[in-house]
Amino acid sequence: MTMQEIVGHNISICREAKGFTLEELAAHCNLDQTQLRDIEQGKSSLVANEFFLVAQMLDSRPVDLLLGE
């Protein structure tokens, strides 16, 4: 699994654990729903400021999104 896929997978797990839909998290992070779906599927990546915003919205430490909780 690539780092991009790992991060996407971890975002998906955290998002579901927090009870956010894909649409809700995308809206909170000012991302397009399609973009967030591609990120969760490991097809796209986040720039740094988006990555930290997603972590903040999920109440996760950035390292947890990189390595898993």
# chains A, B, ... in the order shown; residues from 1 in each chain; ligands from 1

call {"tool": "residues_around", "arguments": {"residues": "stretch 59-63 of chain A", "least_positions_apart": "6", "cutoff": "8 Å", "atoms": "only C-alpha atoms", "output": "list in words"}}
result
Cys14, Phe51 and Phe52 of chain A

call {"tool": "write_last_selection", "arguments": {"atoms": "C-alpha atoms", "output": "mmCIF file, in the first residue's frame"}}
result
data_model
loop_
_atom_site.group_PDB
_atom_site.id
_atom_site.type_symbol
_atom_site.label_atom_id
_atom_site.label_comp_id
_atom_site.auth_asym_id
_atom_site.auth_seq_id
_atom_site.Cartn_x
_atom_site.Cartn_y
_atom_site.Cartn_z
ATOM 1 C CA CYS A 14 -11.656 8.420 11.140
ATOM 2 C CA PHE A 51 -4.217 17.683 5.307
ATOM 3 C CA PHE A 52 -3.980 19.600 8.580
#

call {"tool": "residues_around", "arguments": {"residues": "stretch 36-49 of chain A", "least_positions_apart": "5", "cutoff": "6 Å", "atoms": "only C-alpha atoms", "output": "list in words"}}
result
Gln4, Glu5, Gly8, His9 and Ser12 of chain A

call {"tool": "atom_distance", "arguments": {"atom1": "atom CA of A:Gln56", "atom2": "atom CA of A:Met1"}}
result
24.4 Å

call {"tool": "closest_residue", "arguments": {"among": "A:His28, A:Gln33, A:Leu58, A:Leu66", "to": "A:Thr2", "atoms": "only C-alpha atoms"}}
result
A:Leu66

call {"tool": "atom_distance", "arguments": {"atom1": "atom CA of A:Glu50", "atom2": "atom CA of A:Ile13"}}
result
17.4 Å

call {"tool": "select_by_dssp", "arguments": {"residues": "stretch 1-63 of chain A", "states": "helix (DSSP H, G or I)", "output": "PyMOL selection string"}}
result
chain A and resi 3-18+22-28+33-40+48-57+62-63

call {"tool": "write_last_selection", "arguments": {"atoms": "N, CA and C atoms", "output": "compact mmCIF listing (two decimals), in the first residue's frame"}}
result
# COMPACT_ATOMS: atom_id res chain seq x y z
N MET A 3 1.77 5.35 0.55
CA MET A 3 1.47 6.31 1.62
C MET A 3 0.16 7.03 1.31
N GLN A 4 -0.06 7.36 0.06
CA GLN A 4 -1.29 8.03 -0.35
C GLN A 4 -2.51 7.16 -0.03
N GLU A 5 -2.40 5.86 -0.27
CA GLU A 5 -3.50 4.94 0.03
C GLU A 5 -3.70 4.79 1.53
N ILE A 6 -2.62 4.75 2.28
CA ILE A 6 -2.70 4.62 3.74
C ILE A 6 -3.39 5.84 4.34
N VAL A 7 -2.97 7.02 3.93
CA VAL A 7 -3.59 8.25 4.44
C VAL A 7 -5.07 8.28 4.09
N GLY A 8 -5.40 7.97 2.86
CA GLY A 8 -6.80 7.95 2.44
C GLY A 8 -7.63 6.97 3.24
N HIS A 9 -7.08 5.80 3.46
CA HIS A 9 -7.77 4.77 4.27
C HIS A 9 -7.99 5.26 5.69
N ASN A 10 -6.96 5.86 6.27
CA ASN A 10 -7.07 6.35 7.65
C ASN A 10 -8.07 7.51 7.76
N ILE A 11 -8.10 8.36 6.76
CA ILE A 11 -9.10 9.45 6.75
C ILE A 11 -10.50 8.85 6.72
N SER A 12 -10.70 7.87 5.87
CA SER A 12 -12.01 7.23 5.76
C SER A 12 -12.44 6.60 7.08
N ILE A 13 -11.53 5.90 7.73
CA ILE A 13 -11.85 5.25 9.02
C ILE A 13 -12.20 6.30 10.07
N CYS A 14 -11.39 7.36 10.16
CA CYS A 14 -11.66 8.42 11.14
C CYS A 14 -12.96 9.15 10.84
N ARG A 15 -13.21 9.39 9.57
CA ARG A 15 -14.44 10.09 9.18
C ARG A 15 -15.66 9.28 9.60
N GLU A 16 -15.65 8.00 9.32
CA GLU A 16 -16.77 7.14 9.68
C GLU A 16 -16.92 7.04 11.20
N ALA A 17 -15.80 6.96 11.91
CA ALA A 17 -15.85 6.88 13.38
C ALA A 17 -16.45 8.14 13.99
N LYS A 18 -16.21 9.29 13.35
CA LYS A 18 -16.76 10.56 13.83
C LYS A 18 -18.20 10.76 13.39
N LEU A 22 -19.28 11.65 3.73
CA LEU A 22 -18.28 12.20 2.82
C LEU A 22 -18.61 13.64 2.48
N GLU A 23 -19.89 13.89 2.25
CA GLU A 23 -20.34 15.23 1.89
C GLU A 23 -20.10 16.23 3.02
N GLU A 24 -20.38 15.81 4.25
CA GLU A 24 -20.21 16.71 5.40
C GLU A 24 -18.75 17.08 5.61
N LEU A 25 -17.86 16.08 5.59
CA LEU A 25 -16.45 16.38 5.81
C LEU A 25 -15.91 17.25 4.68
N ALA A 26 -16.28 16.94 3.46
CA ALA A 26 -15.83 17.75 2.33
C ALA A 26 -16.26 19.20 2.51
N ALA A 27 -17.50 19.42 2.91
CA ALA A 27 -18.00 20.79 3.09
C ALA A 27 -17.25 21.51 4.21
N HIS A 28 -17.00 20.82 5.32
CA HIS A 28 -16.27 21.43 6.44
C HIS A 28 -14.84 21.80 6.08
N GLN A 33 -16.60 17.03 -2.97
CA GLN A 33 -16.91 15.66 -2.54
C GLN A 33 -16.14 14.64 -3.38
N THR A 34 -16.06 14.86 -4.68
CA THR A 34 -15.34 13.95 -5.56
C THR A 34 -13.86 13.92 -5.21
N GLN A 35 -13.31 15.08 -4.88
CA GLN A 35 -11.90 15.16 -4.50
C GLN A 35 -11.64 14.36 -3.22
N LEU A 36 -12.52 14.50 -2.23
CA LEU A 36 -12.34 13.77 -0.98
C LEU A 36 -12.49 12.27 -1.21
N ARG A 37 -13.43 11.87 -2.05
CA ARG A 37 -13.60 10.45 -2.35
C ARG A 37 -12.32 9.89 -2.98
N ASP A 38 -11.74 10.63 -3.93
CA ASP A 38 -10.50 10.19 -4.56
C ASP A 38 -9.36 10.10 -3.55
N ILE A 39 -9.33 11.01 -2.61
CA ILE A 39 -8.31 10.98 -1.55
C ILE A 39 -8.48 9.73 -0.70
N GLU A 40 -9.71 9.46 -0.29
CA GLU A 40 -9.96 8.28 0.54
C GLU A 40 -9.65 6.98 -0.20
N ALA A 48 -0.57 20.27 2.05
CA ALA A 48 -0.34 20.34 3.50
C ALA A 48 -1.46 21.03 4.27
N ASN A 49 -1.89 22.20 3.82
CA ASN A 49 -2.91 22.91 4.59
C ASN A 49 -4.24 22.14 4.60
N GLU A 50 -4.57 21.45 3.52
CA GLU A 50 -5.79 20.63 3.49
C GLU A 50 -5.65 19.44 4.44
N PHE A 51 -4.47 18.84 4.44
CA PHE A 51 -4.22 17.68 5.31
C PHE A 51 -4.41 18.05 6.78
N PHE A 52 -3.85 19.18 7.19
CA PHE A 52 -3.98 19.60 8.58
C PHE A 52 -5.41 20.00 8.92
N LEU A 53 -6.13 20.58 7.98
CA LEU A 53 -7.52 20.93 8.21
C LEU A 53 -8.38 19.68 8.37
N VAL A 54 -8.16 18.68 7.53
CA VAL A 54 -8.90 17.42 7.65
C VAL A 54 -8.62 16.78 9.00
N ALA A 55 -7.36 16.74 9.41
CA ALA A 55 -7.00 16.18 10.72
C ALA A 55 -7.72 16.93 11.83
N GLN A 56 -7.74 18.25 11.75
CA GLN A 56 -8.40 19.07 12.77
C GLN A 56 -9.90 18.77 12.81
N MET A 57 -10.54 18.70 11.67
CA MET A 57 -11.98 18.44 11.62
C MET A 57 -12.32 17.05 12.16
N PRO A 62 -2.29 14.67 13.12
CA PRO A 62 -1.84 14.37 11.75
C PRO A 62 -1.06 13.06 11.65
N VAL A 63 -0.26 12.76 12.65
CA VAL A 63 0.52 11.53 12.62
C VAL A 63 -0.39 10.30 12.60
